[in-house]
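Q: The structure file protein-v4.txt (compact mmCIF, C-alpha atoms and all ligand atoms) is provided below.
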# COMPACT_ATOMS: atom_id res chain seq x y z
CA MET G 1 134.43 170.39 403.23
CA ILE G 2 134.71 168.99 399.75
CA LYS G 3 131.59 167.05 398.75
CA ASN G 4 131.59 163.33 399.61
CA LEU G 5 135.02 163.29 401.23
CA GLN G 6 135.27 161.76 404.66
CA THR G 7 136.92 164.13 407.16
CA PRO G 8 139.54 164.62 408.41
CA TYR G 9 141.81 165.18 405.41
CA PHE G 10 144.55 167.53 404.31
CA VAL G 11 144.51 169.46 401.04
CA ILE G 12 147.66 170.88 399.45
CA ARG G 13 146.84 173.81 397.16
CA GLU G 14 149.32 173.45 394.34
CA GLU G 15 148.80 176.98 393.09
CA LEU G 16 149.77 178.43 396.49
CA LEU G 17 152.83 176.19 396.60
CA SER G 18 153.86 177.45 393.14
CA GLN G 19 153.31 181.06 394.17
CA ASN G 20 155.50 180.64 397.27
CA VAL G 21 158.28 179.05 395.23
CA GLU G 22 158.05 181.72 392.52
CA ALA G 23 158.28 184.49 395.11
CA PHE G 24 161.61 183.09 396.36
CA ARG G 25 162.88 182.37 392.88
CA ASN G 26 162.10 185.89 391.69
CA ALA G 27 163.78 187.40 394.74
CA LEU G 28 166.88 185.23 394.21
CA ASN G 29 166.99 186.13 390.51
CA LEU G 30 166.82 189.79 391.45
CA PHE G 31 169.33 189.88 394.30
CA TRP G 32 171.51 186.77 393.98
CA PRO G 33 171.07 184.82 390.74
CA ASN G 34 174.03 182.58 391.58
CA SER G 35 172.00 180.69 394.16
CA ILE G 36 170.48 177.38 395.27
CA LEU G 37 166.92 177.24 396.54
CA SER G 38 166.59 174.20 398.73
CA TYR G 39 163.56 172.86 400.62
CA SER G 40 163.85 171.91 404.28
CA VAL G 41 162.58 168.32 404.18
CA LYS G 42 161.82 168.06 407.90
CA THR G 43 159.27 170.87 407.64
CA ASN G 44 156.97 168.50 405.75
CA ALA G 45 158.49 165.27 404.40
CA LEU G 46 155.51 163.99 402.41
CA PRO G 47 156.98 162.18 399.36
CA TRP G 48 154.57 163.97 397.00
CA ILE G 49 155.98 167.31 398.19
CA LEU G 50 159.57 166.14 397.76
CA LYS G 51 158.88 164.90 394.22
CA TRP G 52 157.10 168.17 393.43
CA MET G 53 160.08 170.18 394.70
CA ARG G 54 162.49 168.00 392.71
CA ALA G 55 160.39 168.46 389.56
CA HIS G 56 160.56 172.23 390.12
CA ASP G 57 164.34 172.16 390.43
CA ILE G 58 164.47 172.83 394.16
CA SER G 59 167.20 171.06 396.15
CA ALA G 60 166.46 169.05 399.30
CA GLU G 61 167.90 170.09 402.66
CA VAL G 62 168.07 167.03 404.91
CA VAL G 63 169.17 166.44 408.51
CA SER G 64 169.41 162.68 408.90
CA ASP G 65 170.67 159.64 406.99
CA GLU G 66 167.02 158.61 406.64
CA GLU G 67 165.98 161.95 405.14
CA TYR G 68 168.96 161.62 402.78
CA GLN G 69 167.63 158.23 401.65
CA LEU G 70 164.11 159.67 401.38
CA ALA G 71 165.39 162.40 399.08
CA LEU G 72 167.09 159.76 396.89
CA LEU G 73 163.84 157.74 396.84
CA SER G 74 162.01 160.90 395.78
CA SER G 75 164.18 161.17 392.61
CA TYR G 76 166.84 163.52 393.94
CA SER G 77 170.43 163.01 392.86
CA PRO G 78 173.17 163.54 395.49
CA THR G 79 174.22 166.82 393.85
CA GLN G 80 170.77 168.25 394.60
CA ILE G 81 170.93 167.50 398.32
CA VAL G 82 172.20 169.69 401.18
CA LEU G 83 173.12 167.54 404.20
CA ASN G 84 172.96 169.31 407.58
CA GLY G 85 172.61 168.59 411.27
CA PRO G 86 174.52 166.99 414.14
CA ILE G 87 173.53 163.31 413.64
CA LYS G 88 175.06 162.40 410.28
CA GLY G 89 176.24 158.81 410.14
CA GLU G 90 179.69 158.15 408.71
CA ILE G 91 178.41 156.05 405.79
CA CYS G 92 175.87 158.65 404.75
CA PHE G 93 178.45 161.41 405.22
CA ARG G 94 180.87 159.64 402.88
CA GLU G 95 178.14 158.89 400.33
CA ALA G 96 177.09 162.54 400.36
CA ILE G 97 180.64 163.87 399.97
CA SER G 98 181.58 161.46 397.20
CA GLY G 99 178.25 162.04 395.44
CA GLY G 100 178.72 165.82 395.38
CA SER G 101 176.08 166.86 397.92
CA VAL G 102 176.54 170.09 399.85
CA VAL G 103 177.60 168.97 403.34
CA ASN G 104 177.62 171.40 406.25
CA ILE G 105 179.83 170.21 409.08
CA ASP G 106 178.37 170.52 412.55
CA SER G 107 180.91 168.99 414.93
CA ALA G 108 184.49 167.89 415.52
CA LYS G 109 183.38 164.29 414.92
CA GLU G 110 182.59 165.15 411.31
CA LEU G 111 186.01 166.75 410.90
CA LYS G 112 187.48 163.37 411.78
CA TYR G 113 185.43 161.82 408.95
CA LEU G 114 186.86 164.41 406.59
CA GLU G 115 190.42 163.74 407.69
CA ARG G 116 189.83 160.01 407.25
CA TYR G 117 188.91 160.55 403.60
CA GLY G 118 191.93 162.84 402.98
CA LEU G 119 189.71 165.46 401.45
CA LEU G 120 190.95 167.75 398.67
CA GLN G 121 187.83 169.21 397.08
CA THR G 122 186.09 171.33 399.69
CA GLU G 123 184.01 173.53 397.44
CA ARG G 124 180.77 171.83 398.53
CA ILE G 125 181.71 171.52 402.19
CA GLY G 126 180.62 174.17 404.65
CA ILE G 127 181.11 174.99 408.30
CA ARG G 128 178.01 175.58 410.41
CA VAL G 129 178.55 178.67 412.52
CA ASN G 130 177.19 178.75 416.06
CA VAL G 131 175.92 182.32 416.10
CA ASP G 132 176.10 184.24 419.36
CA PRO G 133 172.42 184.91 420.23
CA SER G 134 173.32 188.20 421.93
CA ILE G 135 173.57 189.84 418.48
CA PHE G 136 169.76 189.62 418.20
CA GLN G 137 166.94 191.38 420.02
CA ASN G 138 165.55 189.21 422.84
CA GLU G 139 162.09 189.27 421.33
CA ASP G 140 163.43 187.97 418.01
CA VAL G 141 165.56 185.05 419.16
CA GLY G 142 165.44 182.75 422.20
CA TYR G 143 168.25 180.64 423.69
CA GLN G 144 169.87 183.77 425.13
CA GLU G 145 171.17 181.87 428.16
CA ASP G 146 172.56 178.64 426.69
CA GLY G 147 172.95 179.75 423.07
CA PHE G 148 172.28 177.64 419.98
CA ARG G 149 173.08 173.93 419.78
CA PHE G 150 174.56 173.73 416.32
CA GLY G 151 177.92 174.48 414.72
CA PHE G 152 181.18 176.03 415.86
CA SER G 153 181.53 179.19 417.94
CA GLU G 154 183.66 182.05 416.80
CA GLU G 155 183.74 183.42 420.35
CA ASN G 156 185.52 180.40 421.93
CA GLY G 157 188.03 179.88 419.11
CA GLU G 158 186.44 176.65 417.74
CA LEU G 159 185.46 178.23 414.43
CA LYS G 160 189.01 179.44 413.81
CA LYS G 161 190.38 175.92 414.40
CA VAL G 162 187.91 174.36 411.95
CA ILE G 163 188.58 176.98 409.30
CA SER G 164 192.28 176.23 409.44
CA ILE G 165 191.73 172.44 409.31
CA ILE G 166 189.49 172.75 406.23
CA GLN G 167 191.86 175.19 404.57
CA LYS G 168 194.69 172.68 405.02
CA ALA G 169 192.58 169.82 403.69
CA SER G 170 191.66 171.73 400.59
CA THR G 171 193.51 172.21 397.31
CA ASP G 172 192.01 175.58 396.52
CA GLY G 173 191.01 176.79 400.01
CA ASN G 174 187.40 177.23 398.93
CA PHE G 175 184.58 176.15 401.22
CA GLY G 176 181.23 177.37 402.47
CA LEU G 177 179.70 178.82 405.62
CA HIS G 178 176.29 177.83 407.00
CA ILE G 179 174.40 180.13 409.36
CA HIS G 180 170.82 179.09 410.11
CA VAL G 181 169.03 180.69 413.03
CA ASN G 182 165.58 179.76 414.34
CA SER G 183 163.91 182.99 415.28
CA ILE G 184 160.65 183.64 417.09
CA THR G 185 159.57 186.53 414.89
CA ARG G 186 161.07 185.67 411.44
CA SER G 187 161.90 189.38 411.42
CA VAL G 188 163.94 190.87 408.59
CA ASP G 189 166.27 192.30 411.23
CA VAL G 190 167.29 188.73 412.19
CA TYR G 191 168.67 188.30 408.65
CA ARG G 192 170.38 191.69 408.80
CA GLN G 193 172.18 190.57 411.97
CA ILE G 194 173.02 187.13 410.51
CA ALA G 195 174.47 188.71 407.38
CA LYS G 196 176.45 191.29 409.38
CA TYR G 197 177.83 188.52 411.60
CA ALA G 198 178.81 186.49 408.54
CA ALA G 199 180.44 189.57 406.98
CA LYS G 200 182.54 190.06 410.13
CA ILE G 201 183.78 186.45 410.01
CA ILE G 202 184.55 186.64 406.29
CA ARG G 203 186.51 189.87 406.82
CA LYS G 204 188.38 188.59 409.86
CA TYR G 205 189.59 185.37 408.18
CA GLN G 206 189.86 186.83 404.65
CA LEU G 207 187.63 184.02 403.36
CA GLU G 208 186.84 183.45 399.72
CA LEU G 209 183.74 181.36 400.09
CA SER G 210 182.37 178.96 397.52
CA TYR G 211 178.95 179.43 399.12
CA ILE G 212 177.15 181.07 401.98
CA ASP G 213 174.12 179.19 403.30
CA ILE G 214 171.74 181.45 405.24
CA GLY G 215 169.35 178.60 406.18
CA GLY G 216 165.57 178.93 406.46
CA GLY G 217 163.18 180.52 408.94
CA PHE G 218 161.54 183.00 406.54
CA PHE G 219 157.93 184.02 406.18
CA GLY G 220 156.29 183.12 402.89
CA GLY G 221 152.79 183.22 401.45
CA VAL G 222 151.37 185.29 404.31
CA PRO G 223 150.11 188.73 403.31
CA GLU G 224 151.40 191.65 405.43
CA LYS G 225 154.53 189.71 406.45
CA THR G 226 158.11 190.18 405.24
CA THR G 227 158.48 189.16 401.60
CA PRO G 228 161.29 187.10 400.04
CA GLU G 229 162.48 190.26 398.23
CA GLU G 230 162.78 192.15 401.51
CA TYR G 231 164.82 189.34 403.08
CA LEU G 232 167.05 188.88 400.05
CA SER G 233 167.66 192.59 399.58
CA VAL G 234 168.86 192.92 403.20
CA ILE G 235 171.11 189.83 402.92
CA ARG G 236 172.71 191.19 399.78
CA GLU G 237 173.06 194.69 401.19
CA GLU G 238 174.91 193.45 404.29
CA LEU G 239 177.18 191.00 402.45
CA LYS G 240 178.00 192.92 399.30
CA ASN G 241 181.20 194.49 400.63
CA GLU G 242 182.65 191.12 401.60
CA ILE G 243 181.29 188.75 398.95
CA ASP G 244 180.98 188.93 395.19
CA PRO G 245 177.55 187.35 394.46
CA ALA G 246 178.80 186.34 391.03
CA ILE G 247 181.49 184.16 392.63
CA THR G 248 179.97 182.99 395.91
CA CYS G 249 176.75 181.01 395.66
CA LEU G 250 173.93 181.84 398.09
CA ILE G 251 172.02 178.86 399.47
CA ILE G 252 168.72 179.30 401.27
CA GLU G 253 166.71 176.52 402.95
CA PRO G 254 163.12 177.64 403.47
CA GLY G 255 160.61 175.09 404.70
CA SER G 256 157.64 176.82 406.31
CA ALA G 257 157.78 179.69 403.83
CA LEU G 258 157.18 177.28 400.94
CA ILE G 259 154.75 174.73 402.35
CA GLY G 260 153.10 176.36 405.40
CA SER G 261 150.49 178.48 403.67
CA ALA G 262 149.68 175.91 400.99
CA VAL G 263 148.07 173.27 403.24
CA GLU G 264 144.60 173.05 404.83
CA LEU G 265 143.01 170.54 407.20
CA HIS G 266 139.31 169.81 406.67
CA ALA G 267 137.38 168.51 409.67
CA SER G 268 133.86 168.07 411.05
CA ILE G 269 132.17 168.85 414.32
CA LEU G 270 131.61 165.57 416.18
CA ASP G 271 129.99 166.88 419.33
CA VAL G 272 128.83 170.04 421.07
CA LYS G 273 128.21 170.30 424.80
CA ASP G 274 128.03 172.78 427.66
CA THR G 275 129.90 172.29 430.89
CA VAL G 276 129.46 174.64 433.78
CA HIS G 277 132.44 176.60 432.41
CA ALA G 278 132.34 176.54 428.64
CA ARG G 279 130.86 175.45 425.33
CA ILE G 280 133.00 172.50 424.24
CA VAL G 281 133.08 171.71 420.53
CA THR G 282 134.78 168.41 419.66
CA THR G 283 136.10 167.95 416.14
CA ASP G 284 137.77 165.13 414.25
CA ALA G 285 140.82 167.40 413.82
CA SER G 286 143.52 167.56 416.50
CA ARG G 287 146.40 169.75 417.52
CA ILE G 288 148.62 166.78 416.76
CA TYR G 289 147.59 167.20 413.09
CA ILE G 290 148.05 170.94 412.80
CA ASP G 291 150.27 172.03 415.66
CA PRO G 292 152.38 169.12 416.91
CA LEU G 293 154.76 171.68 418.43
CA TRP G 294 151.84 172.72 420.63
CA LEU G 295 152.55 176.43 420.26
CA LYS G 296 149.88 178.11 418.15
CA LYS G 297 147.02 180.03 419.69
CA ASN G 298 145.00 180.92 416.61
CA TYR G 299 144.33 179.64 413.16
CA LEU G 300 142.90 181.04 410.01
CA PHE G 301 139.76 178.94 409.66
CA SER G 302 136.44 178.76 407.88
CA SER G 303 133.25 176.80 408.45
CA ASN G 304 129.68 176.44 407.27
CA ALA G 305 128.17 177.08 410.74
CA LYS G 306 124.92 178.96 410.12
CA LYS G 307 123.29 179.53 413.52
CA PRO G 308 123.42 182.94 415.23
CA SER G 309 126.69 183.88 416.93
CA ILE G 310 127.49 182.99 420.52
CA PRO G 311 130.22 184.59 422.66
CA ARG G 312 132.68 181.74 423.15
CA GLN G 313 133.35 178.20 421.88
CA VAL G 314 136.33 176.01 422.81
CA ILE G 315 137.30 174.00 419.73
CA CYS G 316 138.86 170.69 420.73
CA GLY G 317 140.58 167.81 418.99
CA TYR G 318 139.61 164.15 418.71
CA THR G 319 142.24 162.85 421.11
CA CYS G 320 141.32 162.04 424.66
CA MET G 321 143.91 164.43 426.00
CA ASP G 322 142.19 167.28 427.77
CA HIS G 323 144.78 169.74 426.49
CA ASP G 324 143.97 168.89 422.86
CA ARG G 325 142.27 172.28 422.52
CA ILE G 326 142.78 173.81 419.13
CA MET G 327 141.54 177.33 419.75
CA VAL G 328 138.92 179.49 421.44
CA ILE G 329 136.55 181.18 418.99
CA GLU G 330 134.67 184.28 420.15
CA ASP G 331 131.51 185.87 418.74
CA TYR G 332 131.07 183.33 416.00
CA PRO G 333 128.07 181.33 414.69
CA GLU G 334 127.20 178.49 417.03
CA PHE G 335 128.56 175.16 415.82
CA SER G 336 126.28 172.13 415.45
CA ILE G 337 127.14 168.46 415.11
CA GLY G 338 128.00 167.72 411.47
CA ASP G 339 129.18 171.27 410.59
CA ASP G 340 132.43 171.61 408.67
CA ILE G 341 135.49 173.45 409.91
CA SER G 342 138.73 173.83 408.00
CA PHE G 343 142.03 175.23 409.15
CA GLN G 344 144.25 177.07 406.66
CA ARG G 345 148.04 177.59 406.47
CA VAL G 346 148.81 174.42 408.43
CA GLY G 347 151.57 172.89 406.29
CA ASN G 348 154.64 173.31 408.48
CA TYR G 349 155.64 170.61 410.94
CA THR G 350 152.37 168.76 410.26
CA VAL G 351 151.07 166.04 407.89
CA THR G 352 154.07 163.76 408.52
CA PHE G 353 154.88 165.02 412.01
CA GLY G 354 151.78 164.26 414.08
CA GLY G 355 151.91 160.49 414.19
CA PRO G 356 149.08 157.93 414.22
CA PHE G 357 148.08 158.65 417.81
CA ILE G 358 144.70 157.11 418.77
CA ARG G 359 143.65 157.34 415.10
CA PRO G 360 145.88 156.55 412.12
CA TYR G 361 147.04 159.22 409.63
CA PRO G 362 144.36 161.02 407.60
CA PRO G 363 144.59 161.14 403.80
CA VAL G 364 146.17 163.97 401.81
CA TYR G 365 144.82 165.40 398.55
CA VAL G 366 146.37 167.87 396.15
CA GLU G 367 144.10 170.45 394.57
CA SER G 368 145.22 171.70 391.20
CA ASN G 369 143.02 173.65 388.76
CA GLY G 370 139.93 172.56 390.67
CA GLU G 371 140.83 168.84 390.48
CA LEU G 372 141.60 166.78 393.57
CA THR G 373 144.16 163.99 393.52
CA LEU G 374 144.78 161.60 396.39
CA VAL G 375 148.52 161.60 397.21
CA ARG G 376 148.45 159.81 400.57
CA LYS G 377 145.84 157.20 401.37
CA ALA G 378 144.25 157.21 404.81
CA MET G 379 146.23 154.84 406.97
CA THR G 380 144.05 151.98 408.17
CA ILE G 381 144.27 150.34 411.56
CA LYS G 382 145.56 147.24 409.75
CA ASP G 383 148.39 149.34 408.25
CA TYR G 384 149.13 150.59 411.73
CA TYR G 385 149.08 147.08 413.18
CA ARG G 386 151.48 145.82 410.49
CA MET G 387 153.84 148.74 411.02
CA GLU G 388 153.96 148.23 414.78
CA THR G 389 154.33 144.44 414.74
CA VAL G 390 157.44 142.37 413.99
C1 LIG G 401 169.21 174.02 409.23
C2 LIG G 401 167.78 174.38 408.95
N1 LIG G 401 167.44 174.83 407.72
C3 LIG G 401 166.17 175.15 407.42
C4 LIG G 401 165.16 175.04 408.35
C5 LIG G 401 163.76 175.40 407.94
O1 LIG G 401 163.18 176.35 408.73
P1 LIG G 401 161.74 176.93 408.31
O2 LIG G 401 160.84 175.77 408.13
O3 LIG G 401 161.39 177.78 409.48
O4 LIG G 401 161.96 177.70 407.05
C6 LIG G 401 165.47 174.59 409.65
C7 LIG G 401 164.43 174.50 410.70
O5 LIG G 401 164.65 174.46 411.87
C8 LIG G 401 166.82 174.25 409.96
O6 LIG G 401 167.16 173.79 411.17
Mind converting the file's structure to structure tokens?
A:
Amino acid sequence: MIKNLQTPYFVIREELLSQNVEAFRNALNLFWPNSILSYSVKTNALPWILKWMRAHDISAEVVSDEEYQLALLSSYSPTQIVLNGPIKGEICFREAISGGSVVNIDSAKELKYLERYGLLQTERIGIRVNVDPSIFQNEDVGYQEDGFRFGFSEENGELKKVISIIQKASTDGNFGLHIHVNSITRSVDVYRQIAKYAAKIIRKYQLELSYIDIGGGFFGGVPEKTTPEEYLSVIREELKNEIDPAITCLIIEPGSALIGSAVELHASILDVKDTVHARIVTTDASRIYIDPLWLKKNYLFSSNAKKPSIPRQVICGYTCMDHDRIMVIEDYPEFSIGDDISFQRVGNYTVTFGGPFIRPYPPVYVESNGELTLVRKAMTIKDYYRMETV
């Protein structure tokens, strides 16, 4: 815990954020200099982060009209925004196209919008491809039964139809392809398969793409895991026979890989008790702060607990939901009331995701060169009341 600060609070380590960005930038410079690095806003939509990304020349990848507006509020210009997803509203869609955003089309409904505007310039328009999950190993990618939700399938002929509609709408026939896949393992082999799949489509339809957008889903900032260079080298290797990287721009949309490892949550131990089954340690953290997807089993953590070790402690959150159990810690110093505990690498799908459930949002600080700056005030219950009242 940082002296005199009331827990719980998040800290963004600016140096780690910079290192994660630099790692991707260096890899892009090495393997695909003609590229756009864009940040997946939904992964952590804190305005400070968006302004930081904008100031470091990183585009914003957004998936709703509201995220589009948030990017504009955070000093982005339309040309620095990539608009994705299946819920684009027509007004936002038109604003994005006329403003020069990259727009990846997800459905037939959006094709109708395009036809309505009699589109000629398609250089910054892309088609989201619905990748067949059977090209991946089962342990790498889920959705094997029902497939992915997004984009157009090559296998049922929908992709072919869309390609020909966009080609007709275009003066120069140039457009992009978008292939993002959520994987379980973030394995480099997932990107090899994505790139091979893209290469097959490019070859089959003799496409001359203005861009290829490989999406996000990478590791970043975690030692021992795949590095940006390893991902980028495989992507280039698999695409180089079909695409000239000097002509076709590569877009990537990392979220977790940029912000995940740069954020910590600092908390305190509120209570310690024994039941007949376990040692229960209640904290003022919660899984809704650091794992709103309710998936993680372990965290990198540190604490100032000083007592001798005990075999097993169940670390729980502040909410009154019995399943708000953060993790089980084994053979670790016994926690006492008032001890500190902090959880590292908790930046993805947190901070703005958890919601003011039972207690309003905690504050967020940025640490830079040893100095702390408050970038989000703690929400008060009066703020909450105002927000939830007409
Ligand atoms: C289209 C798209 N791009 C980028 C991302 C970012 O993924 P990650 O945060 O895993 O890098 C996502 C996440 O689901 C996504 O759907």
Q: Within 7 Å of ligand LIG 401 (chain G) (counting only C-alpha atoms and all ligand atoms), which residues show up? I'd like them as a list in words.
A: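 So the residues close to ligand LIG 401 (chain G) are Ser40, Thr43, Glu61, Asn84, Gly85, His180, Asn182, Gly215, Gly216, Gly217, Phe218, Glu253, Pro254, Gly255, Ser256, Ala257 and Asn348 of chain G.
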Q: Just give me the gap between atom CA of G:Leu258 and atom CA of G:Ile201 in Å, one decimal is fine.
A: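 Going from atom CA of G:Leu258 over to atom CA of G:Ile201, I get 29.6 Å.
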Q: Compare G:Ile214, G:Ile252, G:Ile315, G:Ala198 by their minimum atom-to-atom distance to G:Lys273, counting only C-alpha atoms, and give me the closest one.
A: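 Closest to G:Lys273 of all the choices is G:Ile315.
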Q: As a short mmCIF file (atom, residue, chain, number, x, y, z; two decimals) with C-alpha atoms, in the frame of the given file, please: the residues near G:Asp291 (cut-off 10 Å, only C-alpha atoms, same-chain neighbours under 6 positions excluded).
A:
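What ended up in out.cif:
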data_model
loop_
_atom_site.label_atom_id
_atom_site.label_comp_id
_atom_site.auth_asym_id
_atom_site.auth_seq_id
_atom_site.Cartn_x
_atom_site.Cartn_y
_atom_site.Cartn_z
CA LYS G 297 147.02 180.03 419.69
CA TYR G 299 144.33 179.64 413.16
CA ILE G 326 142.78 173.81 419.13
CA VAL G 346 148.81 174.42 408.43
CA GLY G 347 151.57 172.89 406.29
CA ASN G 348 154.64 173.31 408.48
CA TYR G 349 155.64 170.61 410.94
CA THR G 350 152.37 168.76 410.26
CA VAL G 351 151.07 166.04 407.89
CA PHE G 353 154.88 165.02 412.01
CA GLY G 354 151.78 164.26 414.08
#
Q: When you count all atoms listed in the file, which of these residues is closest to G:Asn104: G:Val131, G:Ser18, G:Asp213, G:Asn4?
A: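 Under the stated criterion, the closest residue is G:Asp213.
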Q: Might you pull out every residue within 6 Å of stretch 53-59 of chain G, with all atoms listed in the file counted and same-chain residues fewer than 4 positions away left off, and present them as a list in words?
A: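 Here the answer would be Leu37, Ser38, Gln80 and Ile81 of chain G.
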Q: With C-alpha atoms retained, export the selected residues as an mmCIF file, in the coordinates of the input.
A:
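Contents of part-v5.cif, as written:
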data_model
loop_
_atom_site.group_PDB
_atom_site.id
_atom_site.type_symbol
_atom_site.label_atom_id
_atom_site.label_comp_id
_atom_site.auth_asym_id
_atom_site.auth_seq_id
_atom_site.Cartn_x
_atom_site.Cartn_y
_atom_site.Cartn_z
ATOM 1 C CA LEU G 37 166.920 177.240 396.540
ATOM 2 C CA SER G 38 166.590 174.200 398.730
ATOM 3 C CA GLN G 80 170.770 168.250 394.600
ATOM 4 C CA ILE G 81 170.930 167.500 398.320
#
Q: If I take atom CA of G:Asn34 and atom CA of G:Asp244, how far is one from the other in Å, to one decimal?
A: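 Rounded to one decimal, the two atoms are 10.1 Å apart.
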Q: Report, in Å to a single decimal, how far apart atom CA of G:Glu123 and atom CA of G:Ile166 are.
A: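 Interatomic distance, atom CA of G:Ile166 to atom CA of G:Glu123: 10.4 Å.
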Q: Which residues are close to G:Arg325, i.e. within 9 Å by all atoms listed in the file, leaving aside same-chain residues fewer than 2 positions away? Reply as a list in words.
A: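 Returned residues: Thr282, Ser286, Arg287, Val314, Ile315, Cys316, Gly317, Met321, Asp322, His323, Met327 and Val328 of chain G.
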Q: Can you pull out the residues contacting G:Leu73? Cut-off 10 Å, using all atoms listed in the file, and skip same-chain residues under 6 positions away; I want them as a PyMOL selection string.
A: chain G and resi 47+50-51+67
Q: Quick one: residues within 6 Å of G:Tyr211, all atoms listed in the file, excluding same-chain residues fewer than 6 positions away - as a JSON list (two decimals) with C-alpha atoms, keeping the file's coordinate frame?
A:
[["chain", "number", "residue", "atom", "x", "y", "z"],
["G", 176, "GLY", "CA", 181.23, 177.37, 402.47],
["G", 248, "THR", "CA", 179.97, 182.99, 395.91],
["G", 249, "CYS", "CA", 176.75, 181.01, 395.66],
["G", 250, "LEU", "CA", 173.93, 181.84, 398.09]]
Q: Ranking G:Trp48, G:Phe150, G:Tyr68, G:Tyr191 by minimum distance to G:Val234 and counting only C-alpha atoms, which one comes first?
A: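 Of G:Trp48, G:Phe150, G:Tyr68, G:Tyr191, the one nearest G:Val234 is G:Tyr191, counting only C-alpha atoms.
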Q: Rank nothing, just name the residue among G:Glu15, G:Ala169, G:Val141, G:Ser210 nearest to G:Val102, using only C-alpha atoms.
A: G:Ser210
Q: So, counting only C-alpha atoms, which residue among G:Lys168, G:Arg236, G:Lys161, G:Arg312 is closest to G:Lys196?
A: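 Of all the options, G:Arg236 lies closest to G:Lys196.
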